[in-house]
file upload.txt (compact mmCIF, C-alpha atoms)
# COMPACT_ATOMS: atom_id res chain seq x y z
CA MET A 1 -10.46 136.61 95.56
CA LYS A 2 -11.07 132.89 96.04
CA ILE A 3 -10.70 131.13 99.36
CA GLY A 4 -11.75 127.55 98.72
CA SER A 5 -15.27 127.67 97.32
CA VAL A 6 -15.84 131.19 98.60
CA ASP A 7 -15.21 134.22 96.40
CA ILE A 8 -14.84 137.64 98.00
CA ASN A 9 -15.35 140.67 95.79
CA VAL A 10 -12.18 142.77 95.68
CA ASN A 11 -13.04 144.47 92.39
CA ASP A 12 -16.05 146.55 93.44
CA PRO A 13 -14.88 150.16 93.03
CA SER A 14 -17.59 151.39 95.40
CA ASN A 15 -16.36 149.17 98.23
CA ASP A 16 -13.10 150.15 99.90
CA TRP A 17 -12.24 147.35 102.31
CA SER A 18 -9.78 149.59 104.16
CA LYS A 19 -12.71 151.73 105.32
CA TRP A 20 -14.48 148.81 107.03
CA THR A 21 -14.43 148.88 110.81
CA TRP A 22 -13.37 145.73 112.62
CA ALA A 23 -16.92 145.34 113.97
CA GLU A 24 -18.38 145.57 110.45
CA PHE A 25 -15.90 143.02 109.15
CA MET A 26 -16.54 140.61 112.04
CA ASP A 27 -20.28 140.89 111.37
CA LEU A 28 -19.63 139.93 107.73
CA TYR A 29 -17.24 137.15 108.77
CA ASP A 30 -19.71 135.67 111.26
CA LYS A 31 -22.71 135.83 108.93
CA SER A 32 -21.16 135.03 105.55
CA LEU A 33 -17.76 133.37 105.93
CA LYS A 34 -17.75 131.42 109.19
CA GLY A 35 -18.07 127.71 108.50
CA HIS A 36 -17.20 128.19 104.81
CA VAL A 37 -13.54 129.23 105.19
CA THR A 38 -10.91 127.81 107.51
CA GLU A 39 -8.89 131.01 107.66
CA SER A 40 -9.18 133.18 110.77
CA PRO A 41 -10.84 136.60 110.61
CA GLU A 42 -7.43 138.24 111.01
CA THR A 43 -6.00 136.31 108.06
CA VAL A 44 -8.93 137.20 105.77
CA ALA A 45 -8.89 140.79 106.96
CA LYS A 46 -5.18 141.10 106.16
CA ILE A 47 -5.74 139.75 102.65
CA LEU A 48 -8.59 142.21 102.02
CA GLY A 49 -6.87 145.19 103.60
CA VAL A 50 -9.34 145.57 106.45
CA LYS A 51 -7.75 147.43 109.33
CA LEU A 52 -7.06 145.03 112.20
CA PRO A 53 -8.25 146.01 115.65
CA ASP A 54 -5.79 147.83 117.86
CA LYS A 55 -4.08 145.51 120.29
CA PRO A 56 -4.76 146.44 123.92
CA LYS A 57 -1.87 148.49 125.25
CA GLU A 58 0.37 146.59 127.63
CA LYS A 59 0.62 148.18 131.02
CA ALA A 60 4.08 149.53 131.75
CA ASP A 61 5.92 147.48 134.30
CA LYS A 62 6.12 149.18 137.59
CA ALA A 63 9.65 149.83 138.51
CA MET B 1 -33.78 154.88 46.84
CA SER B 2 -31.51 154.67 43.80
CA THR B 3 -32.46 156.06 40.42
CA PHE B 4 -34.68 153.82 38.37
CA LYS B 5 -32.98 152.41 35.31
CA PHE B 6 -33.77 149.21 33.43
CA ALA B 7 -31.36 146.75 34.97
CA GLY B 8 -31.81 143.50 33.12
CA ASN B 9 -33.33 140.20 34.22
CA GLY B 10 -31.25 137.61 35.98
CA THR B 11 -31.25 134.07 34.67
CA ALA B 12 -32.26 132.56 38.03
CA LYS B 13 -35.81 133.28 39.17
CA ASP B 14 -35.72 132.26 42.84
CA PHE B 15 -37.57 133.97 45.70
CA LEU B 16 -35.95 135.24 48.85
CA LYS B 17 -35.72 132.35 51.30
CA ASP B 18 -38.25 132.15 54.11
CA MET B 19 -37.62 134.14 57.24
CA LYS B 20 -36.47 131.92 60.10
CA GLY B 21 -35.68 134.47 62.75
CA LEU B 22 -34.82 138.00 63.70
CA ILE B 23 -31.82 139.67 65.22
CA VAL B 24 -33.46 141.92 67.80
CA SER B 25 -31.24 144.86 68.71
CA LEU B 26 -31.50 147.99 70.78
CA PRO B 27 -32.64 150.95 68.67
CA GLY B 28 -29.76 152.50 66.76
CA THR B 29 -27.40 149.54 67.10
CA ALA B 30 -25.13 149.79 64.07
CA GLN B 31 -22.05 148.19 62.63
CA SER B 32 -20.20 148.30 59.33
CA PHE B 33 -21.46 146.10 56.53
CA THR B 34 -18.05 144.42 56.57
CA ALA B 35 -18.62 143.44 60.22
CA ALA B 36 -22.19 142.33 59.46
CA LYS B 37 -20.82 139.67 57.13
CA THR B 38 -18.87 138.03 59.97
CA LEU B 39 -19.89 136.07 63.02
CA ALA B 40 -17.43 138.18 65.04
CA GLY B 41 -19.44 141.26 64.12
CA PHE B 42 -22.59 139.82 65.67
CA GLN B 43 -20.69 138.31 68.59
CA ALA B 44 -19.79 141.89 69.55
CA LEU B 45 -23.54 142.56 69.80
CA ILE B 46 -25.01 139.24 70.99
CA ASN B 47 -22.34 137.72 73.24
CA PRO B 48 -19.63 140.29 73.90
CA ALA B 49 -17.25 140.22 76.86
CA THR B 50 -19.73 141.74 79.34
CA THR B 51 -23.48 141.67 79.77
CA ALA B 52 -23.48 145.47 79.87
CA ALA B 53 -22.27 145.43 76.27
CA ILE B 54 -25.02 143.12 74.97
CA THR B 55 -27.13 145.05 72.48
CA ALA B 56 -28.81 142.27 70.51
CA THR B 57 -30.06 138.71 70.53
CA PHE B 58 -31.54 136.21 68.10
CA LEU B 59 -35.23 135.37 68.10
CA ASP B 60 -36.01 132.05 66.43
CA ILE B 61 -39.45 132.04 64.79
CA ALA B 62 -39.21 128.52 63.37
CA ARG B 63 -42.76 127.79 64.59
CA GLY B 64 -44.10 130.02 61.85
CA LEU B 65 -45.13 133.53 60.97
CA GLU B 66 -48.30 135.15 59.75
CA SER B 67 -48.05 138.37 57.78
CA LYS B 68 -50.42 141.09 58.98
CA THR B 69 -49.19 143.79 56.63
CA THR B 70 -51.93 146.11 55.43
CA ALA B 71 -52.30 146.06 51.65
CA PRO B 72 -51.34 149.30 49.88
CA GLU B 73 -54.11 151.84 49.67
CA PHE B 74 -55.48 152.56 46.18
CA ILE B 75 -58.02 155.30 45.62
CA THR B 76 -60.31 155.52 42.63
CA ALA B 77 -61.29 159.06 41.79
CA ASN B 78 -64.82 159.85 40.57
CA THR B 79 -63.28 160.11 37.13
CA GLY B 80 -62.38 156.42 37.33
CA PHE B 81 -58.69 157.24 37.70
CA LYS B 82 -56.98 154.87 40.16
CA GLU B 83 -53.71 155.41 41.99
CA LYS B 84 -51.76 154.22 44.99
CA THR B 85 -51.98 156.66 47.88
CA MET B 86 -50.21 154.83 50.65
CA ASP B 87 -47.81 152.00 51.43
CA PHE B 88 -47.84 150.46 54.88
CA PRO B 89 -44.86 149.10 56.79
CA PRO B 90 -44.76 145.34 57.29
CA GLU B 91 -46.15 143.71 60.39
CA PHE B 92 -46.43 140.08 61.34
CA THR B 93 -47.03 137.59 64.09
CA GLY B 94 -44.02 135.37 64.72
CA HIS B 95 -44.33 132.12 66.64
CA ALA B 96 -41.09 131.65 68.52
CA PHE B 97 -39.27 128.36 68.92
CA MET B 98 -38.57 128.67 72.63
CA SER B 99 -39.76 127.36 75.98
CA TYR B 100 -42.41 129.05 78.11
CA GLU B 101 -39.60 130.00 80.49
CA ASP B 102 -37.65 131.70 77.70
CA TYR B 103 -40.90 133.42 76.64
CA LYS B 104 -41.45 134.76 80.13
CA THR B 105 -38.11 136.57 80.02
CA TRP B 106 -39.54 138.62 77.11
CA PHE B 107 -42.62 139.82 78.99
CA ALA B 108 -40.81 142.98 80.09
CA ALA B 109 -40.24 143.82 76.39
CA ASP B 110 -43.95 144.20 75.66
CA GLY B 111 -44.47 147.40 73.66
CA LYS B 112 -40.78 148.25 73.47
CA SER B 113 -39.03 149.60 70.40
CA PHE B 114 -36.23 147.59 68.83
CA ASP B 115 -34.45 147.27 65.53
CA PHE B 116 -35.10 143.98 63.73
CA THR B 117 -32.86 142.29 61.19
CA PRO B 118 -34.69 139.40 59.49
CA VAL B 119 -32.54 136.29 59.07
CA LEU B 120 -33.55 134.05 56.20
CA ALA B 121 -33.28 130.29 56.00
CA ASP B 122 -29.94 130.37 54.20
CA GLY B 123 -28.47 132.79 56.73
CA THR B 124 -28.99 135.79 54.47
CA LEU B 125 -29.65 139.01 56.40
CA MET B 126 -32.24 141.56 55.32
CA CYS B 127 -30.88 144.86 56.56
CA ALA B 128 -31.47 148.57 56.58
CA LYS B 129 -28.76 151.20 56.20
CA ASN B 130 -28.35 154.30 58.35
CA SER B 131 -27.19 157.72 57.19
CA ALA B 132 -23.59 156.79 58.05
CA GLY B 133 -23.77 153.85 55.64
CA GLN B 134 -23.79 151.27 58.43
CA GLN B 135 -25.84 148.13 58.79
CA VAL B 136 -28.84 148.50 61.10
CA GLY B 137 -32.07 146.62 61.69
CA PHE B 138 -35.48 147.88 60.61
CA SER B 139 -36.99 150.01 63.37
CA GLY B 140 -40.19 148.73 64.90
CA ARG B 141 -42.05 147.70 67.99
CA MET B 142 -42.54 144.37 69.69
CA PHE B 143 -45.64 143.25 71.49
CA ILE B 144 -46.03 140.03 73.45
CA GLY B 145 -48.83 138.18 71.74
CA ASN B 146 -49.93 135.79 74.41
CA PHE B 147 -50.48 136.48 78.08
CA ASP B 148 -53.16 133.80 77.94
CA LEU B 149 -53.65 130.43 79.59
CA PRO B 150 -51.75 127.52 77.99
CA LYS B 151 -53.01 126.75 74.50
CA ALA B 152 -54.88 123.53 73.87
CA GLY B 153 -53.19 120.88 71.74
CA GLY B 154 -52.84 120.86 67.98
CA ALA B 155 -51.71 123.74 65.83
CA GLU B 156 -52.71 126.28 68.48
CA LYS B 157 -50.10 124.83 70.82
CA THR B 158 -47.31 125.93 68.49
CA LYS B 159 -48.64 129.49 68.63
CA ALA B 160 -48.22 129.79 72.39
CA HIS B 161 -45.09 131.94 72.24
CA SER B 162 -46.10 134.62 69.78
CA PHE B 163 -44.68 138.06 69.16
CA GLU B 164 -46.38 140.85 67.25
CA ILE B 165 -43.73 142.74 65.31
CA MET B 166 -44.75 146.06 63.79
CA PHE B 167 -42.24 147.96 61.70
CA ASP B 168 -42.25 151.75 61.78
CA ASP B 169 -41.06 152.88 58.40
CA VAL B 170 -41.90 151.46 55.01
CA ASP B 171 -39.16 153.59 53.43
CA GLN B 172 -36.55 151.48 55.19
CA PHE B 173 -37.95 148.48 53.32
CA LYS B 174 -37.90 150.32 50.03
CA ASN B 175 -34.14 150.61 50.55
CA TYR B 176 -33.41 147.19 52.03
CA VAL B 177 -29.96 145.69 51.66
CA ILE B 178 -29.28 141.97 51.38
CA VAL B 179 -26.15 140.81 53.20
CA LYS B 180 -24.83 137.33 52.49
CA PRO B 181 -22.75 136.63 55.57
CA ASN B 182 -19.92 134.13 55.87
CA PHE B 183 -21.68 132.27 58.71
CA THR B 184 -24.69 129.99 58.81
CA LEU B 185 -28.00 130.43 60.58
CA LYS B 186 -27.05 127.64 63.00
CA GLU B 187 -23.77 129.35 63.85
CA LEU B 188 -25.66 132.56 64.58
CA MET B 189 -28.08 130.69 66.86
CA ALA B 190 -25.20 129.07 68.71
CA ILE B 191 -23.65 132.34 69.90
CA VAL B 192 -26.71 133.36 71.93
CA PRO B 193 -25.87 132.83 75.62
CA VAL B 194 -27.48 129.80 77.27
CA GLY B 195 -30.51 130.93 79.24
CA VAL B 196 -30.59 129.94 82.92
CA ASN B 197 -33.28 130.40 85.56
CA ILE B 198 -32.39 131.84 88.93
CA GLU B 199 -34.78 131.94 91.86
CA VAL B 200 -34.62 132.84 95.53
CA GLN B 201 -34.40 129.76 97.71
CA THR B 202 -33.92 131.51 101.05
CA ALA B 203 -35.00 135.14 101.32
CA TYR B 204 -32.61 138.06 101.77
CA GLU B 205 -31.55 138.12 105.37
CA ASN B 206 -31.37 141.77 106.29
CA SER B 207 -29.00 141.64 109.21
CA GLY B 208 -26.17 139.99 107.28
CA GLY B 209 -27.20 140.63 103.69
CA THR B 210 -27.23 137.02 102.51
CA VAL B 211 -29.65 135.38 100.11
CA VAL B 212 -29.63 131.81 98.82
CA ILE B 213 -30.18 131.52 95.07
CA LYS B 214 -30.82 128.41 93.00
CA ALA B 215 -29.70 128.34 89.37
CA THR B 216 -31.23 125.76 87.03
CA SER B 217 -31.50 124.99 83.34
CA ARG B 218 -34.77 126.23 81.91
CA VAL B 219 -37.63 123.72 81.85
CA THR B 220 -35.52 120.67 82.81
CA GLY B 221 -34.53 122.13 86.18
CA GLU B 222 -31.03 120.65 86.09
CA PRO B 223 -28.66 122.49 88.44
CA VAL B 224 -26.26 124.98 86.87
CA ALA B 225 -22.89 125.08 88.59
CA VAL B 226 -21.02 127.78 86.67
CA PHE B 227 -21.63 130.93 88.73
CA GLY B 228 -18.99 130.52 91.44
CA THR B 229 -17.59 134.06 91.67
CA THR B 230 -18.93 137.42 92.79
CA ALA B 231 -18.22 138.87 89.35
CA GLU B 232 -20.79 136.47 87.90
CA TRP B 233 -23.63 137.97 89.97
CA LYS B 234 -24.60 141.42 88.72
CA VAL B 235 -26.83 143.89 90.50
CA ILE B 236 -29.05 145.25 87.74
CA SER B 237 -31.07 147.78 89.71
CA LEU B 238 -31.66 149.00 93.24
CA SER B 239 -34.89 150.44 94.61
CA ALA B 240 -33.66 152.19 97.75
CA ASP B 241 -29.87 152.06 98.01
CA THR B 242 -27.25 154.22 96.36
CA GLY B 243 -25.05 151.25 95.52
CA GLY B 244 -24.83 147.52 95.87
CA ALA B 245 -22.85 144.53 94.69
CA CYS B 246 -22.28 140.88 95.39
CA THR B 247 -19.68 141.00 98.18
CA ILE B 248 -19.34 137.26 98.83
CA CYS B 249 -20.28 134.22 96.75
CA THR B 250 -20.21 130.88 98.53
CA ALA B 251 -20.38 128.08 95.99
CA THR B 252 -20.03 125.08 98.31
CA SER B 253 -23.31 123.67 96.95
CA ALA B 254 -22.84 124.82 93.36
CA SER B 255 -23.19 121.23 92.12
CA LEU B 256 -26.81 121.51 93.29
CA GLY B 257 -27.13 124.91 91.63
CA ILE B 258 -27.24 126.56 95.06
CA TYR B 259 -25.25 129.71 95.86
CA THR B 260 -25.19 131.66 99.10
CA LEU B 261 -24.62 135.29 98.17
CA THR B 262 -24.01 138.37 100.26
CA PHE B 263 -25.19 141.61 98.70
CA LYS B 264 -24.11 144.82 100.37
CA ASN B 265 -23.65 148.51 99.75
CA SER B 266 -20.03 148.63 100.96
CA SER B 267 -20.44 147.48 104.58
CA ALA B 268 -24.18 148.22 104.85
CA VAL B 269 -26.94 145.74 104.05
CA LEU B 270 -29.38 146.67 101.29
CA THR B 271 -32.57 148.26 102.52
CA GLY B 272 -34.86 147.92 99.49
CA ASP B 273 -35.64 145.36 96.78
CA PHE B 274 -32.97 144.87 94.16
CA GLU B 275 -32.61 142.98 90.88
CA ILE B 276 -29.80 140.59 90.00
CA GLN B 277 -28.68 138.64 86.96
CA ALA B 278 -26.13 135.82 86.69
CA GLU B 279 -23.67 135.72 83.81
CA LYS B 280 -20.77 133.51 82.81
CA ILE B 281 -17.94 134.86 80.67
CA THR B 282 -15.80 132.33 78.80
CA ALA B 283 -13.03 133.37 76.40
CA SER B 284 -14.31 136.98 76.36
CA HIS B 285 -17.87 136.01 75.48
CA VAL B 286 -21.03 135.82 77.60
CA THR B 287 -21.87 132.12 77.46
CA TYR B 288 -24.56 131.79 80.17
CA LEU B 289 -27.10 134.44 81.07
CA SER B 290 -29.95 134.20 83.55
CA ASN B 291 -33.30 135.92 83.89
CA VAL B 292 -33.37 139.15 85.89
CA LEU B 293 -34.53 138.26 89.39
CA ASN B 294 -36.11 140.63 91.91
CA VAL B 295 -34.83 139.98 95.42
CA ASP B 296 -37.37 141.13 98.00
CA VAL B 297 -36.03 142.95 101.03
CA THR B 298 -38.51 143.05 103.89

call {"tool": "encode", "arguments": {"input": "upload.txt", "output": "structure tokens"}}
result
Amino acid sequence: MKIGSVDINVNDPSNDWSKWTWAEFMDLYDKSLKGHVTESPETVAKILGVKLPDKPKEKADKA
Amino acid sequence: MSTFKFAGNGTAKDFLKDMKGLIVSLPGTAQSFTAAKTLAGFQALINPATTAAITATFLDIARGLESKTTAPEFITANTGFKEKTMDFPPEFTGHAFMSYEDYKTWFAADGKSFDFTPVLADGTLMCAKNSAGQQVGFSGRMFIGNFDLPKAGGAEKTKAHSFEIMFDDVDQFKNYVIVKPNFTLKELMAIVPVGVNIEVQTAYENSGGTVVIKATSRVTGEPVAVFGTTAEWKVISLSADTGGACTICTATSASLGIYTLTFKNSSAVLTGDFEIQAEKITASHVTYLSNVLNVDVT
């Protein structure tokens, strides 16, 4: 999958992007993609099918 | 061999044309004789749609060949009776028309077995036939003839890239088949993928799994800018990991022949040396093919 001049492998049968943890993906993003793509980690992750990190739960308003 | 019968004399008395090269194929590579007459038949072997499917290439020996075939053995009995007791399979030294960088890519083939189909000057193929009636090359072995220092000038210089070819079975030659294909020698040469050199420019970085590779034309060193996708970087072998592939290919500097590649085993970095090769597929044919490069992991 091409993003500008960067190609990310989405055809490797041994690599299931949905099994990557967010920490693993961010490590890849920081070391291989940052500075080469303008898309945010969340945008790239969504395209690849990497599970996004859980949003922190909002505290219930006190009545 | 067919039954001997007197078969007449042709009106033309020409020799077979000189041998100009060899199709070198993996042992047992076979195709129908119908396919062997067509360029498409050899494209399926020499530049198919994937590198994994490549089973043959063309070796140009335009710089000359020297026959080393042992003369048949004749024994004279103590009665004076003389007879032939042995035929020997052909062997020769071929001097390849290639660069020293092309030659180096053959070093790993030293002593290996291949099938060889001689290609004559007019494009005629000298073939063997297997038991299924298919076209095959003559089985034999290849030895690299020169691991020496560069040759001095003159005629010796042209012998710098030599191959010793030793055929295994003289019976295959007793049954040789001449195929007159519908393509020329030049057309056959042109289907061989363009050889490219790849080298490590920045070593494998084992926290992120990136390595910077430079791809250049052989000898001239001109940058090669055609390997811009992960699919074009193949992992050939791994020394320590159970899997591995090019995960990311950054081709921002491809015009300089420079590619930043991330190689991983799923999400893990590779822990041992691995070998890679770059390939370019155009219109379902391998058109560019690099050397196999060992990437050190320290």

call {"tool": "residues_around", "arguments": {"input": "upload.txt", "residues": "B:His161", "least_positions_apart": "5", "cutoff": "7 Å", "atoms": "all atoms listed in the file", "output": "list of chain:residue names"}}
result
B:His95, B:Ala96, B:Tyr103, B:Asn146

call {"tool": "interface_residues", "arguments": {"input": "upload.txt", "of": "chain A", "to": "chain B", "cutoff": "6 Å", "atoms": "all atoms listed in the file", "output": "list of chain:residue names"}}
result
A:Ser5, A:Val6, A:Asp7, A:Ile8, A:Asn9, A:Asn15, A:Lys31

call {"tool": "closest_residue", "arguments": {"input": "upload.txt", "among": "A:Asn11, A:Gly49, A:Pro41, A:His36", "to": "A:Ala23", "atoms": "all atoms listed in the file"}}
result
A:Pro41

call {"tool": "residues_near_point", "arguments": {"input": "upload.txt", "point": "(-31.3, 148.3, 48.8)", "cutoff": "12 Å", "atoms": "all atoms listed in the file", "output": "JSON, numbers by chain"}}
result
{"B": [1, 2, 3, 126, 127, 128, 129, 130, 133, 135, 171, 172, 173, 174, 175, 176, 177, 178, 179]}

call {"tool": "residues_around", "arguments": {"input": "upload.txt", "residues": "A:Phe25", "least_positions_apart": "3", "cutoff": "9 Å", "atoms": "only C-alpha atoms", "output": "list in words"}}
result
Trp17, Trp20, Thr21, Trp22, Leu28, Tyr29, Asp30, Pro41, Ala45 and Val50 of chain A; Ser267 of chain B

call {"tool": "residues_around", "arguments": {"input": "upload.txt", "residues": "stretch 108-115 of chain B", "least_positions_apart": "6", "cutoff": "9 Å", "atoms": "all atoms listed in the file", "output": "count of residues only"}}
result
19

call {"tool": "residues_around", "arguments": {"input": "upload.txt", "residues": "B:Phe74", "least_positions_apart": "5", "cutoff": "9 Å", "atoms": "all atoms listed in the file", "output": "VMD selection string"}}
result
chain B and resid 82 to 86

call {"tool": "atom_distance", "arguments": {"input": "upload.txt", "atom1": "atom CA of B:Val212", "atom2": "atom CA of B:Glu279"}}
result
16.6 Å

call {"tool": "atom_distance", "arguments": {"input": "upload.txt", "atom1": "atom CA of A:Lys46", "atom2": "atom CA of B:Trp233"}}
result
24.7 Å

call {"tool": "residues_around", "arguments": {"input": "upload.txt", "residues": "B:Phe147", "least_positions_apart": "6", "cutoff": "10 Å", "atoms": "only C-alpha atoms", "output": "list in words"}}
result
Lys104, Phe107, Ala160, His161 and Ser162 of chain B

call {"tool": "atom_distance", "arguments": {"input": "upload.txt", "atom1": "atom CA of B:Ser255", "atom2": "atom CA of B:Lys214"}}
result
10.5 Å

call {"tool": "axis_aligned_box", "arguments": {"input": "upload.txt", "around": "stretch 3-8 of chain B", "padding_each_side": "6 Å", "output": "AutoDock Vina command-line options"}}
result
--center_x -33.0 --center_y 149.8 --center_z 36.8 --size_x 15.3 --size_y 24.6 --size_z 19.3

call {"tool": "closest_residue", "arguments": {"input": "upload.txt", "among": "B:Val269, B:Val224, B:Ala240, B:Ala30", "to": "A:Asp27", "atoms": "only C-alpha atoms"}}
result
B:Val269

call {"tool": "closest_residue", "arguments": {"input": "upload.txt", "among": "A:Leu33, A:Met1, A:Leu48, A:Pro53", "to": "A:Ser18", "atoms": "all atoms listed in the file"}}
result
A:Leu48
